[in-house]
Amino acid sequence: ASSVSLASTMTQQQQPEQMPKVLAEQHRVGHVIVVSNRLPVSITPELSVTPSAGGLATGLGSLEWQRTWVGYPGSAFDDSAQRAAVTAKLAEHKLVPVFIDDAQYTDYYVGFSNKTLWPLMHYHPQFVETDDAAFASYCAVNRQFADVVAAEVAKRGADDTIVFVNDYQLMLVPSLLRAAFPTLGIAFFHHIPWPSYELFRTLPQRKELLDGVLGADVIGFHEYSYMRHFLSSAYRIGGYDNDFGHINIGKRLLNVDTFPMGIDYDKYAHAGGDRTATATATT
């Protein structure tokens, strides 16, 4: 009984897909643009589309809003005609591709994202590799994402749109969008740990990355410790104090909070009575 009670309580907490609701208290919401490194599908040169099995795509699949999803389609698709065909096919699923050169994607994703940020944020500084060229690609790709998102925002208008940016690969996107749309509602969710200030400050690009994230109105983390470390970094690096997770930057009030990602407890708790689920489990 106690485990059921705990699980039910956890599902009532704010989860990442509820972050647009927090923004909706201050912004009109007609449409949500989800932004992540990869799209929630894979597409082949033959235009075959299959859902991705990644945790981010699954976790954000329950968004209640009308949405468009912006992300890398899994390949550069260098030919212009092929890019046009891929774009048209993905548009059928309300998906918008960001086409990135293979070499630049490697530097941005394999290089700076996974050889610098990933080990640092998981407390493995001995594995951190720093490379100015990789960070330059990271900046350039974040700019590409921001430009594609900006075009989508322009179609609908900033006053009726919320942008939901996800994860450490796109930490510069919030501030880039903020510069283009000062009143746009922007949320950013960090899906991995945020390390202690003492570790984060060792990163040469710490100020650029911190300022990038602070372009958002709502900033979310899985756990309170990650949130606390972020607030410490914001104060010690950027000089931004906070009042119970709220940061004033100019005329903006930022909300930094925890949004632990979990499962749909009711769905799994009642799956035993679902004939289709039972039949699938026994085959």
# chains A, B, ... in the order shown; residues from 1 in each chain; ligands from 1

$ closest_atom_pairs --of "region 43-152 of chain A" --to "region 209-212 of chain A" --cutoff "12 Å" --atoms "only C-alpha atoms" --output "JSON lines"
{"residue": "A:Phe112", "atom": "CA", "partner": "A:Leu209", "partner_atom": "CA", "distance": 12.0}
{"residue": "A:Ser113", "atom": "CA", "partner": "A:Leu209", "partner_atom": "CA", "distance": 11.7}
{"residue": "A:Leu117", "atom": "CA", "partner": "A:Leu209", "partner_atom": "CA", "distance": 10.3}
{"residue": "A:Phe135", "atom": "CA", "partner": "A:Leu209", "partner_atom": "CA", "distance": 10.7}
{"residue": "A:Tyr138", "atom": "CA", "partner": "A:Leu209", "partner_atom": "CA", "distance": 10.7}
{"residue": "A:Cys139", "atom": "CA", "partner": "A:Leu209", "partner_atom": "CA", "distance": 9.9}
{"residue": "A:Asn142", "atom": "CA", "partner": "A:Gly212", "partner_atom": "CA", "distance": 10.1}
{"residue": "A:Arg143", "atom": "CA", "partner": "A:Gly212", "partner_atom": "CA", "distance": 11.4}
{"residue": "A:Ala146", "atom": "CA", "partner": "A:Gly212", "partner_atom": "CA", "distance": 11.6}

$ residues_around --residues "Ile247 (chain A)" --least-positions-apart "4" --cutoff "10 Å" --atoms "only C-alpha atoms" --output "ChimeraX atom specification"
/A:214,217,231,234-235,240-243,252-256

$ write_last_selection --atoms "C-alpha atoms" --output "compact mmCIF listing (two decimals), in the first residue's frame"
# COMPACT_ATOMS: atom_id res chain seq x y z
CA LEU A 214 19.20 31.97 -18.53
CA ASP A 217 11.64 31.89 -18.47
CA LEU A 231 21.34 28.47 -8.77
CA ALA A 234 24.07 31.51 -11.58
CA TYR A 235 25.03 33.49 -8.47
CA TYR A 240 22.29 36.53 -10.18
CA ASP A 241 20.76 36.02 -6.76
CA ASN A 242 17.53 34.11 -6.33
CA ASP A 243 14.51 34.17 -4.06
CA ARG A 252 12.17 39.20 -16.58
CA LEU A 253 11.38 36.91 -13.66
CA LEU A 254 12.81 33.42 -14.18
CA ASN A 255 11.40 30.37 -12.44
CA VAL A 256 13.90 27.58 -11.68

$ closest_residue --among "A:Gly245, A:Pro97, A:Pro45, A:Pro125" --to "Tyr72 (chain A)" --atoms "only C-alpha atoms"
A:Pro97

$ closest_residue --among "A:Lys94, A:Thr130, A:Pro73, A:Val165" --to "Gly111 (chain A)" --atoms "only C-alpha atoms"
A:Thr130

$ residues_around --residues "region 34-43 of chain A" --least-positions-apart "5" --cutoff "8 Å" --atoms "only C-alpha atoms" --output "PyMOL selection string"
chain A and resi 48-54+57+67-74+86+95+97+149+163-167+169-170

$ atom_distance --atom1 "CA of Val213 (chain A)" --atom2 "CA of Gln126 (chain A)"
25.0 Å
